[in-house]
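Participant: Dropping in final.csv, which is CSV, C-alpha atoms (C1' of nucleotides) and all ligand atoms:
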```csv
chain,number,residue,atom,x,y,z
D,192,MET,CA,178.9,75.3,232.4
D,193,VAL,CA,182.7,75.6,232.3
D,194,SER,CA,184.0,79.2,232.2
D,195,ASN,CA,185.5,80.2,228.9
D,196,SER,CA,187.8,83.2,229.2
D,197,ASP,CA,188.1,83.3,225.4
D,198,ASN,CA,184.4,83.7,224.7
D,199,SER,CA,184.4,87.3,223.4
D,200,ASN,CA,182.0,88.2,220.7
D,201,GLU,CA,184.5,90.3,218.7
D,202,GLN,CA,184.9,89.2,215.2
D,203,GLU,CA,186.3,90.9,212.0
D,204,ASP,CA,184.3,90.6,208.8
D,205,PHE,CA,181.1,89.8,210.5
D,206,PRO,CA,178.2,91.9,211.7
D,207,GLN,CA,177.5,92.1,215.4
D,208,GLU,CA,173.8,91.8,214.7
D,209,ILE,CA,171.5,90.5,211.9
D,210,ASN,CA,167.8,91.4,211.7
D,211,GLY,CA,167.9,92.5,215.3
D,212,LEU,CA,169.5,89.2,216.5
D,213,ARG,CA,172.8,89.6,218.4
D,214,MET,CA,175.4,87.4,216.8
D,215,THR,CA,177.1,85.6,219.6
D,216,ARG,CA,180.0,83.3,218.8
D,217,GLN,CA,177.7,80.3,218.8
D,218,ARG,CA,175.2,81.8,216.5
D,219,ARG,CA,177.9,83.1,214.2
D,220,GLU,CA,179.5,79.7,213.8
D,221,VAL,CA,176.2,78.0,213.3
D,222,TYR,CA,175.3,80.5,210.6
D,223,ARG,CA,178.8,80.3,209.1
D,224,SER,CA,178.5,76.6,208.8
D,225,LEU,CA,175.2,76.8,207.0
D,226,MET,CA,176.5,79.5,204.6
D,227,ALA,CA,179.8,77.7,203.9
D,228,LYS,CA,178.4,74.3,203.1
D,229,ARG,CA,174.9,74.9,201.9
D,230,VAL,CA,174.0,71.2,202.0
D,231,HIS,CA,170.8,71.5,204.1
D,232,PRO,CA,172.3,69.9,207.2
D,233,THR,CA,170.5,68.7,210.2
D,234,ALA,CA,171.0,70.1,213.7
D,235,GLN,CA,173.3,67.2,214.5
D,236,ASP,CA,175.3,67.8,211.3
D,237,VAL,CA,175.7,71.5,212.3
D,238,PHE,CA,176.7,70.4,215.8
D,239,LEU,CA,179.5,68.2,214.6
D,240,ASP,CA,180.7,70.8,212.2
D,241,VAL,CA,180.7,73.7,214.6
D,242,LYS,CA,182.5,71.6,217.3
D,243,ASP,CA,185.7,72.0,215.4
D,244,LYS,CA,185.6,75.8,216.1
D,245,LEU,CA,183.8,75.7,219.5
D,246,PRO,CA,184.5,72.4,221.1
D,247,GLN,CA,182.4,73.2,224.2
D,248,ILE,CA,179.2,74.0,222.3
D,249,SER,CA,176.2,71.8,223.2
D,250,LEU,CA,173.6,70.3,220.9
D,251,ALA,CA,170.9,72.2,222.8
D,252,THR,CA,172.7,75.5,222.0
D,253,VAL,CA,172.8,74.5,218.3
D,254,TYR,CA,169.1,74.0,218.4
D,255,ASN,CA,168.7,77.3,220.2
D,256,CYS,CA,170.8,79.1,217.6
D,257,LEU,CA,169.0,77.5,214.7
D,258,GLU,CA,165.7,78.4,216.2
D,259,ALA,CA,166.8,82.0,216.9
D,260,LEU,CA,168.2,82.4,213.3
D,261,THR,CA,164.9,80.9,211.9
D,262,GLN,CA,162.7,83.2,214.0
D,263,HIS,CA,164.6,86.2,212.8
D,264,GLY,CA,164.3,85.2,209.2
D,265,ILE,CA,168.0,84.6,208.7
D,266,ILE,CA,167.7,81.0,207.7
D,267,ARG,CA,164.8,78.6,206.9
D,268,GLN,CA,163.8,75.2,208.2
D,269,VAL,CA,163.3,72.5,205.5
D,270,HIS,CA,161.2,69.4,206.1
D,271,PHE,CA,161.3,66.0,204.4
D,272,ASP,CA,158.5,63.9,205.8
D,273,ARG,CA,159.3,63.4,209.5
D,274,GLU,CA,163.0,63.2,209.1
D,275,SER,CA,165.2,65.5,211.2
D,276,CYS,CA,164.7,69.1,210.3
D,277,ARG,CA,167.2,70.6,207.9
D,278,TYR,CA,168.3,74.2,207.6
D,279,CYS,CA,168.8,76.4,204.6
D,280,PRO,CA,170.4,79.9,204.4
D,281,ASN,CA,168.9,80.6,200.9
D,282,LEU,CA,166.2,83.2,201.6
D,283,HIS,CA,164.9,83.4,198.1
D,284,GLU,CA,161.5,81.8,197.4
D,285,HIS,CA,162.4,78.2,196.5
D,286,GLY,CA,161.6,74.6,196.9
D,287,HIS,CA,163.8,71.5,197.3
D,288,PHE,CA,164.7,68.5,195.2
D,289,HIS,CA,165.8,65.4,197.0
D,290,ASP,CA,168.0,63.2,194.9
D,291,GLN,CA,167.3,59.7,196.0
D,292,SER,CA,170.5,58.3,194.5
D,293,THR,CA,172.9,60.6,196.1
D,294,GLY,CA,170.9,61.9,199.0
D,295,LYS,CA,171.8,65.5,198.0
D,296,ILE,CA,169.2,68.2,198.4
D,297,LEU,CA,169.1,70.9,195.7
D,298,ASP,CA,167.4,74.3,195.8
D,299,VAL,CA,164.8,74.7,193.0
D,300,ALA,CA,163.7,78.2,192.1
D,301,PHE,CA,160.3,79.2,190.7
D,302,LYS,CA,160.3,80.6,187.2
D,303,PRO,CA,160.6,84.3,187.4
D,304,GLY,CA,157.3,86.1,187.6
D,305,ILE,CA,155.3,83.0,188.2
D,306,ARG,CA,152.4,83.2,190.6
D,307,LEU,CA,150.6,80.5,192.5
D,308,GLU,CA,147.4,81.0,190.6
D,309,ASP,CA,149.2,80.3,187.4
D,310,PHE,CA,149.7,76.6,188.2
D,311,LEU,CA,147.4,75.9,191.2
D,312,ASP,CA,143.6,75.7,191.6
D,313,LEU,CA,143.5,77.8,194.8
D,314,PRO,CA,140.2,78.3,196.6
D,315,PRO,CA,138.9,81.8,196.1
D,316,GLY,CA,139.8,84.3,198.8
D,317,THR,CA,143.0,82.5,199.6
D,318,THR,CA,146.0,84.5,201.0
D,319,VAL,CA,149.2,82.4,201.0
D,320,SER,CA,151.8,83.4,203.5
D,321,ASN,CA,154.1,80.4,203.3
D,322,ILE,CA,155.0,77.8,200.6
D,323,GLU,CA,156.9,74.6,201.1
D,324,PHE,CA,157.6,72.6,197.9
D,325,THR,CA,159.4,69.3,197.9
D,326,LEU,CA,160.4,67.0,195.0
D,327,ARG,CA,162.0,63.6,195.1
D,328,GLY,CA,163.6,61.8,192.3
D,329,THR,CA,166.9,61.2,190.5
D,330,ILE,CA,169.2,63.1,188.2
D,331,VAL,CA,171.0,61.6,185.3
D,332,THR,CA,174.2,63.4,184.3
D,333,HIS,CA,174.5,63.2,180.5
E,123,MET,CA,144.7,40.3,223.8
E,124,VAL,CA,141.1,39.6,224.7
E,125,SER,CA,139.4,37.1,222.4
E,126,ASN,CA,136.7,38.6,220.3
E,127,SER,CA,134.2,36.1,219.0
E,128,ASP,CA,132.5,38.7,216.8
E,129,ASN,CA,135.7,39.5,214.8
E,130,SER,CA,134.6,38.2,211.5
E,131,ASN,CA,135.8,40.0,208.4
E,132,GLU,CA,132.5,39.7,206.5
E,133,GLN,CA,131.0,42.9,205.4
E,134,GLU,CA,128.5,44.0,202.8
E,135,ASP,CA,129.2,46.8,200.5
E,136,PHE,CA,133.0,46.6,200.9
E,137,PRO,CA,135.7,44.8,199.0
E,138,GLN,CA,137.5,42.0,200.8
E,139,GLU,CA,140.8,43.3,199.4
E,140,ILE,CA,142.1,46.6,197.9
E,141,ASN,CA,145.3,46.7,195.8
E,142,GLY,CA,146.3,43.3,197.2
E,143,LEU,CA,145.8,44.3,200.8
E,144,ARG,CA,143.3,42.2,202.8
E,145,MET,CA,140.7,44.4,204.3
E,146,THR,CA,140.4,43.3,207.9
E,147,ARG,CA,137.8,44.9,210.2
E,148,GLN,CA,140.5,47.2,211.6
E,149,ARG,CA,141.8,48.3,208.2
E,150,ARG,CA,138.3,48.7,206.9
E,151,GLU,CA,137.2,51.0,209.7
E,152,VAL,CA,140.4,53.0,209.5
E,153,TYR,CA,139.9,53.5,205.8
E,154,ARG,CA,136.2,54.2,206.2
E,155,SER,CA,137.0,56.9,208.8
E,156,LEU,CA,139.3,58.6,206.4
E,157,MET,CA,136.9,58.4,203.5
E,158,ALA,CA,133.9,59.6,205.5
E,159,LYS,CA,135.5,62.7,207.1
E,160,ARG,CA,138.2,63.7,204.7
E,161,VAL,CA,139.7,66.1,207.2
E,162,HIS,CA,143.3,64.9,207.1
E,163,PRO,CA,143.2,63.4,210.6
E,164,THR,CA,146.2,62.3,212.6
E,165,ALA,CA,146.6,58.7,213.7
E,166,GLN,CA,145.3,59.7,217.1
E,167,ASP,CA,142.2,61.3,215.5
E,168,VAL,CA,141.6,58.1,213.6
E,169,PHE,CA,142.1,56.1,216.7
E,170,LEU,CA,139.5,58.0,218.6
E,171,ASP,CA,137.0,57.9,215.8
E,172,VAL,CA,137.4,54.2,215.0
E,173,LYS,CA,137.1,53.3,218.7
E,174,ASP,CA,133.3,53.9,218.4
E,175,LYS,CA,133.1,51.0,216.1
E,176,LEU,CA,135.9,48.8,217.4
E,177,PRO,CA,136.3,49.7,221.1
E,178,GLN,CA,139.2,47.2,221.6
E,179,ILE,CA,141.4,48.6,218.8
E,180,SER,CA,144.8,49.8,219.8
E,181,LEU,CA,146.7,52.9,218.7
E,182,ALA,CA,149.5,50.6,217.5
E,183,THR,CA,147.0,48.8,215.2
E,184,VAL,CA,145.8,52.1,213.8
E,185,TYR,CA,149.4,53.0,213.0
E,186,ASN,CA,149.8,49.6,211.4
E,187,CYS,CA,146.7,50.0,209.4
E,188,LEU,CA,147.6,53.5,208.2
E,189,GLU,CA,151.1,52.2,207.2
E,190,ALA,CA,149.6,49.2,205.4
E,191,LEU,CA,147.1,51.4,203.5
E,192,THR,CA,149.8,53.9,202.7
E,193,GLN,CA,152.3,51.2,201.4
E,194,HIS,CA,149.6,49.8,199.1
E,195,GLY,CA,148.8,53.2,197.6
E,196,ILE,CA,145.3,53.3,199.1
E,197,ILE,CA,145.9,56.5,201.1
E,198,ARG,CA,148.6,59.1,201.4
E,199,GLN,CA,150.6,60.6,204.3
E,200,VAL,CA,150.6,64.4,204.6
E,201,HIS,CA,153.2,66.3,206.5
E,202,PHE,CA,153.1,69.7,208.0
E,203,ASP,CA,156.5,70.5,209.4
E,204,ARG,CA,157.2,68.0,212.1
E,205,GLU,CA,153.6,67.8,213.4
E,206,SER,CA,152.0,64.5,213.7
E,207,CYS,CA,151.5,62.8,210.3
E,208,ARG,CA,148.1,63.3,208.7
E,209,TYR,CA,146.4,61.0,206.3
E,210,CYS,CA,144.5,61.7,203.1
E,211,PRO,CA,142.4,59.3,200.9
E,212,ASN,CA,142.5,61.6,197.9
E,213,LEU,CA,144.8,59.8,195.4
E,214,HIS,CA,144.8,62.5,192.8
E,215,GLU,CA,148.0,64.6,192.4
E,216,HIS,CA,147.4,67.4,194.9
E,217,GLY,CA,149.0,69.6,197.6
E,218,HIS,CA,147.6,71.0,200.8
E,219,PHE,CA,146.5,74.4,202.0
E,220,HIS,CA,146.5,74.9,205.8
E,221,ASP,CA,144.1,77.6,206.9
E,222,GLN,CA,145.8,79.2,209.9
E,223,SER,CA,142.5,80.8,211.1
E,224,THR,CA,140.4,77.7,211.2
E,225,GLY,CA,143.0,75.0,211.2
E,226,LYS,CA,141.3,73.3,208.3
E,227,ILE,CA,143.4,71.6,205.6
E,228,LEU,CA,142.2,71.8,202.1
E,229,ASP,CA,143.3,69.8,199.0
E,230,VAL,CA,144.8,72.0,196.3
E,231,ALA,CA,145.0,70.6,192.7
E,232,PHE,CA,147.4,71.6,189.9
E,233,LYS,CA,145.9,73.5,187.0
E,234,PRO,CA,145.0,70.9,184.3
E,235,GLY,CA,147.8,70.1,181.9
E,236,ILE,CA,150.5,72.0,183.9
E,237,ARG,CA,154.0,70.5,184.0
E,238,LEU,CA,156.7,71.1,186.6
E,239,GLU,CA,159.0,72.8,184.0
E,240,ASP,CA,156.3,75.3,183.4
E,241,PHE,CA,156.8,76.9,186.8
E,242,LEU,CA,160.0,75.5,188.2
E,243,ASP,CA,163.7,75.9,187.2
E,244,LEU,CA,164.6,72.2,187.4
E,245,PRO,CA,168.2,71.1,187.0
E,246,PRO,CA,168.7,69.3,183.7
E,247,GLY,CA,168.4,65.5,183.8
E,248,THR,CA,165.9,65.6,186.6
E,249,THR,CA,163.3,62.8,186.9
E,250,VAL,CA,160.7,63.7,189.6
E,251,SER,CA,158.9,60.7,191.1
E,252,ASN,CA,157.1,62.5,194.0
E,253,ILE,CA,155.8,66.0,194.7
E,254,GLU,CA,154.7,67.3,198.0
E,255,PHE,CA,153.7,70.9,198.5
E,256,THR,CA,152.1,72.8,201.4
E,257,LEU,CA,150.7,76.2,201.6
E,258,ARG,CA,149.8,78.2,204.7
E,259,GLY,CA,147.6,81.2,205.0
E,260,THR,CA,144.1,82.4,205.4
E,261,ILE,CA,140.9,82.4,203.5
E,262,VAL,CA,138.5,85.4,203.5
E,263,THR,CA,134.9,84.5,202.7
E,264,HIS,CA,133.4,87.4,200.7
G,152,DT,C1',137.9,19.0,207.7
G,153,DC,C1',141.8,20.1,209.9
G,154,DA,C1',146.7,21.0,211.1
G,155,DG,C1',150.3,23.8,210.5
G,156,DA,C1',152.0,28.2,208.5
G,157,DA,C1',151.4,33.0,207.8
G,158,DA,C1',149.3,37.2,208.8
G,159,DT,C1',147.4,40.3,212.0
G,160,DC,C1',146.6,42.4,216.3
G,161,DA,C1',147.0,44.4,221.2
G,162,DA,C1',149.9,46.0,224.7
G,163,DG,C1',153.5,48.1,226.2
G,164,DA,C1',158.6,49.1,225.8
G,165,DA,C1',162.0,51.4,223.2
G,166,DT,C1',163.6,55.0,220.1
G,167,DG,C1',164.9,59.4,218.5
G,168,DA,C1',164.2,64.2,217.5
G,169,DT,C1',163.0,68.1,219.8
G,170,DT,C1',161.8,70.9,223.8
G,171,DC,C1',162.1,72.1,228.5
G,172,DT,C1',164.3,73.1,233.0
G,173,DT,C1',167.8,74.9,235.7
G,174,DA,C1',172.2,76.5,237.1
G,175,DT,C1',175.9,79.2,235.2
G,176,DT,C1',178.0,82.5,232.4
G,177,DT,C1',178.0,86.5,229.4
G,178,DT,C1',176.3,90.8,227.9
G,179,DT,C1',173.8,95.0,228.4
G,180,DA,C1',172.2,99.0,230.7
G,181,DT,C1',172.5,102.0,234.6
V,245,DA,C1',180.9,98.7,239.1
V,246,DT,C1',176.2,96.6,239.7
V,247,DA,C1',172.0,94.8,238.6
V,248,DA,C1',169.0,93.0,235.2
V,249,DA,C1',168.5,90.6,230.9
V,250,DA,C1',170.0,87.3,227.6
V,251,DA,C1',172.4,83.3,226.3
V,252,DT,C1',174.5,78.9,227.2
V,253,DA,C1',175.5,73.9,228.7
V,254,DA,C1',173.9,69.8,230.5
V,255,DG,C1',170.7,66.7,231.1
V,256,DA,C1',165.8,65.5,231.9
V,257,DA,C1',161.3,65.3,229.8
V,258,DT,C1',158.1,65.0,226.0
V,259,DC,C1',155.8,63.1,222.2
V,260,DA,C1',155.2,60.8,217.8
V,261,DT,C1',156.5,56.7,216.0
V,262,DT,C1',158.5,52.1,215.7
V,263,DC,C1',159.6,47.8,217.7
V,264,DT,C1',158.9,43.5,220.3
V,265,DT,C1',156.3,39.8,222.0
V,266,DG,C1',152.7,36.8,222.7
V,267,DA,C1',147.9,35.9,221.5
V,268,DT,C1',144.5,35.5,217.8
V,269,DT,C1',142.8,35.1,213.3
V,270,DT,C1',143.1,33.7,208.6
V,271,DC,C1',144.9,31.1,205.0
V,272,DT,C1',146.7,26.9,202.6
V,273,DG,C1',147.1,22.5,201.4
V,274,DA,C1',146.9,17.8,202.6
D,401,MN,MN,183.8,69.2,210.9
D,402,MN,MN,134.0,59.4,217.3
D,403,ZN,ZN,167.2,75.5,200.3
D,404,ZN,ZN,144.7,65.7,200.7
```
Once more with this new file: its structure as structure tokens, please.

Facilitator:
Amino acid sequence: MVSNSDNSNEQEDFPQEINGLRMTRQRREVYRSLMAKRVHPTAQDVFLDVKDKLPQISLATVYNCLEALTQHGIIRQVHFDRESCRYCPNLHEHGHFHDQSTGKILDVAFKPGIRLEDFLDLPPGTTVSNIEFTLRGTIVTH
Amino acid sequence: MVSNSDNSNEQEDFPQEINGLRMTRQRREVYRSLMAKRVHPTAQDVFLDVKDKLPQISLATVYNCLEALTQHGIIRQVHFDRESCRYCPNLHEHGHFHDQSTGKILDVAFKPGIRLEDFLDLPPGTTVSNIEFTLRGTIVTH
DNA sequence: TCAGAAATCAAGAATGATTCTTATTTTTAT
DNA sequence: ATAAAAATAAGAATCATTCTTGATTTCTGA
């Protein structure tokens, strides 16, 4: 690893720590990229984007950062079949709509107050700790 | 490939073709394995199971069969994060509940008559062609 | 019936996303 | 300031899946 004398962690307008996870420069830029664009990027997408700010960052570190942020509940992984994982900074309960014409991925919220038992035939005794909901299709604009 | 003089496709009690897909011995045994067990196996699981009946079958052929069956709408792929794909012969609209204690995967149906707009805030103009949802959790038996 | 043509299969190589390993650097705690 | 802990960069390893190739089987149409 090449020494980087300008690698301090000091940063205005940004917490030094989130959910008990120390915000290093790499983690902060990864998180910032997700928050700024909100396009559900892959690790590779994030890597390319963050390289503008931290040219020496490695793809492995981007994976490490995304994993750390995920484990601390700061971001979420999103899966579409077996494609590369995507990442989402929206922590509200939501699913994803994949527009097959544009490739865009949109957040889809549940109706307020709705519960799983309202629309699913769950086996009795079920305790659900995690939901992943994916839709595919198209959107016609007027 | 070793020649197999007993490789005929004749079989009682089974159609020679489903949805326009010719049922070769390999495809039939793969499909039979899925229908008999209904445990959402991986390709590797199917491979091990079908080898009892067709000892010379290859993993590549199991993948080919699963792909062909999927493309012809005879079975469905099921995804859990980036784990190995699993396969499901239940063609009704349904999602999956992954019991984290037992590892078992259960089919979960929608309540009859429910529509997406009843529980999701879909963007206007949305046409949904495919739904995939996955739940994780535990089941307590009385 | 029989000779292509087309489809399928087996085996192993290639691919690609992700994880792992290791040496180095940075941060934290004393 | 020093030692321990945590984080990073670089590249190797892993693993599910796809691809390639040559053999085999099935189909089609004289
Ligand atoms: Mn950029
Ligand atoms: Mn078996
Ligand atoms: Zn999202
Ligand atoms: Zn199923």

Participant: Could you give me the residues within 10 Å of ligand ZN 404 (chain D), counting all atoms listed in the file, as an NGL selection string?

Facilitator: :E and (160-162 or 197-200 or 208-219 or 227-231)

Participant: Mind giving me the straight-line distance from CA of Leu239 in chain D to CA of Thr261 in chain D in Å, one decimal?

Facilitator: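 Atom-to-atom, CA of Leu239 in chain D and CA of Thr261 in chain D are spaced 19.5 Å apart.
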
Participant: What is the distance between C1' of DT252 in chain V and C1' of DT173 in chain G, in Å to one decimal?

Facilitator: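 Between C1' of DT252 in chain V and C1' of DT173 in chain G the gap is 11.5 Å.
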
Participant: Work out how far apart CA of Asp309 in chain D and CA of Gly264 in chain D are and give it in Å to one decimal.

Facilitator: 27.0 Å

Participant: Restricting the calculation to all atoms listed in the file, which member of D:Ser275, D:Asn210, D:Ser224, D:Thr215 is positioned closest to ligand MN 401 (chain D)?

Facilitator: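 Among the listed residues, the smallest separation from ligand MN 401 (chain D) belongs to D:Ser224.
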
Participant: What lies within 10 Å of DC171 in chain G using only C-alpha atoms (C1' of nucleotides), ignoring chain neighbours under 4 positions off, as a list in words?

Facilitator: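 The filter keeps DA256, DA257 and DT258 of chain V.
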
Participant: Kindly provide, as a PDB file with C-alpha atoms, in the frame of the given file, the residues of chain E having any atom no farther than 9 Å from an atom of chain D, counting only C-alpha atoms.

Facilitator:
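Below you can see out07.pdb, which holds the result:
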```pdb
ATOM      1  CA  GLN E 199     150.600  60.600 204.300  1.00  0.00           C
ATOM      2  CA  VAL E 200     150.600  64.400 204.600  1.00  0.00           C
ATOM      3  CA  HIS E 201     153.200  66.300 206.500  1.00  0.00           C
ATOM      4  CA  PHE E 202     153.100  69.700 208.000  1.00  0.00           C
ATOM      5  CA  ASP E 203     156.500  70.500 209.400  1.00  0.00           C
ATOM      6  CA  ARG E 204     157.200  68.000 212.100  1.00  0.00           C
ATOM      7  CA  GLU E 205     153.600  67.800 213.400  1.00  0.00           C
ATOM      8  CA  SER E 206     152.000  64.500 213.700  1.00  0.00           C
ATOM      9  CA  CYS E 207     151.500  62.800 210.300  1.00  0.00           C
ATOM     10  CA  PHE E 219     146.500  74.400 202.000  1.00  0.00           C
ATOM     11  CA  ASP E 221     144.100  77.600 206.900  1.00  0.00           C
ATOM     12  CA  LEU E 228     142.200  71.800 202.100  1.00  0.00           C
ATOM     13  CA  VAL E 230     144.800  72.000 196.300  1.00  0.00           C
ATOM     14  CA  ALA E 231     145.000  70.600 192.700  1.00  0.00           C
ATOM     15  CA  PHE E 232     147.400  71.600 189.900  1.00  0.00           C
ATOM     16  CA  LYS E 233     145.900  73.500 187.000  1.00  0.00           C
ATOM     17  CA  PRO E 234     145.000  70.900 184.300  1.00  0.00           C
ATOM     18  CA  ILE E 236     150.500  72.000 183.900  1.00  0.00           C
ATOM     19  CA  ARG E 237     154.000  70.500 184.000  1.00  0.00           C
ATOM     20  CA  GLU E 239     159.000  72.800 184.000  1.00  0.00           C
ATOM     21  CA  ASP E 240     156.300  75.300 183.400  1.00  0.00           C
ATOM     22  CA  PHE E 241     156.800  76.900 186.800  1.00  0.00           C
ATOM     23  CA  LEU E 242     160.000  75.500 188.200  1.00  0.00           C
ATOM     24  CA  ASP E 243     163.700  75.900 187.200  1.00  0.00           C
ATOM     25  CA  LEU E 244     164.600  72.200 187.400  1.00  0.00           C
ATOM     26  CA  PRO E 245     168.200  71.100 187.000  1.00  0.00           C
ATOM     27  CA  PRO E 246     168.700  69.300 183.700  1.00  0.00           C
ATOM     28  CA  GLY E 247     168.400  65.500 183.800  1.00  0.00           C
ATOM     29  CA  THR E 248     165.900  65.600 186.600  1.00  0.00           C
ATOM     30  CA  THR E 249     163.300  62.800 186.900  1.00  0.00           C
ATOM     31  CA  VAL E 250     160.700  63.700 189.600  1.00  0.00           C
ATOM     32  CA  SER E 251     158.900  60.700 191.100  1.00  0.00           C
ATOM     33  CA  ASN E 252     157.100  62.500 194.000  1.00  0.00           C
ATOM     34  CA  ILE E 253     155.800  66.000 194.700  1.00  0.00           C
ATOM     35  CA  GLU E 254     154.700  67.300 198.000  1.00  0.00           C
ATOM     36  CA  PHE E 255     153.700  70.900 198.500  1.00  0.00           C
ATOM     37  CA  THR E 256     152.100  72.800 201.400  1.00  0.00           C
ATOM     38  CA  LEU E 257     150.700  76.200 201.600  1.00  0.00           C
ATOM     39  CA  ARG E 258     149.800  78.200 204.700  1.00  0.00           C
ATOM     40  CA  GLY E 259     147.600  81.200 205.000  1.00  0.00           C
ATOM     41  CA  THR E 260     144.100  82.400 205.400  1.00  0.00           C
ATOM     42  CA  ILE E 261     140.900  82.400 203.500  1.00  0.00           C
ATOM     43  CA  VAL E 262     138.500  85.400 203.500  1.00  0.00           C
ATOM     44  CA  THR E 263     134.900  84.500 202.700  1.00  0.00           C
ATOM     45  CA  HIS E 264     133.400  87.400 200.700  1.00  0.00           C
TER      46      HIS E 264
END
```

Participant: For chain V, report every residue with an atom at most 9 Å from chain D (counting only C-alpha atoms (C1' of nucleotides)), formatted as a PyMOL selection string.

Facilitator: chain V and resi 251-254

Participant: After least-squares alignment of chain D to chain E over all Cα atoms in order, what RMSD do you get?

Facilitator: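 Result: 0.2 Å C-alpha RMSD.
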
Participant: Smallest atom-to-atom distance to chain G: which of E:Val168, E:Val152, E:Met145, E:Ser223, using only C-alpha atoms (C1' of nucleotides)?

Facilitator: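 Counting only C-alpha atoms (C1' of nucleotides), the residue closest to chain G is E:Met145.
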
Participant: Can you tell me which residues come within 8 Å of ligand MN 401 (chain D) when counting only C-alpha atoms (C1' of nucleotides) and all ligand atoms, ideally as a ChimeraX atom specification?

Facilitator: /D:239-243

Participant: Using 8 Å as the limit and counting only C-alpha atoms (C1' of nucleotides), can you tabulate each residue of chain G that touches chain D, with its shortest atom-to-atom distance in Å and the two atoms involved, as a Markdown table?

Facilitator:
```
| residue | atom | partner | partner_atom | distance |
| --- | --- | --- | --- | --- |
| G:DA168 | C1' | D:Ser275 | CA | 6.5 |
| G:DT175 | C1' | D:Met192 | CA | 5.7 |
| G:DT176 | C1' | D:Ser194 | CA | 6.9 |
```

Participant: I'd like to know which of E:Thr224, E:Val184, E:Leu191, E:Phe136 is closest to Thr164 in chain E, using only C-alpha atoms.

Facilitator: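 Ranked by minimum distance to Thr164 in chain E, first place goes to E:Val184.
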
Participant: Using all atoms listed in the file, which protein or nucleic acid residues come within 9 Å of DA165 in chain G? Drop anything in the same chain fewer than 5 positions from it, and give the result as a ChimeraX atom specification.

Facilitator: /V:262-264

Participant: Which residue, E:Lys175, E:Arg150, E:Pro137, E:Met157, has the smallest gap to ligand MN 402 (chain D) when you use all atoms listed in the file?

Facilitator: E:Lys175
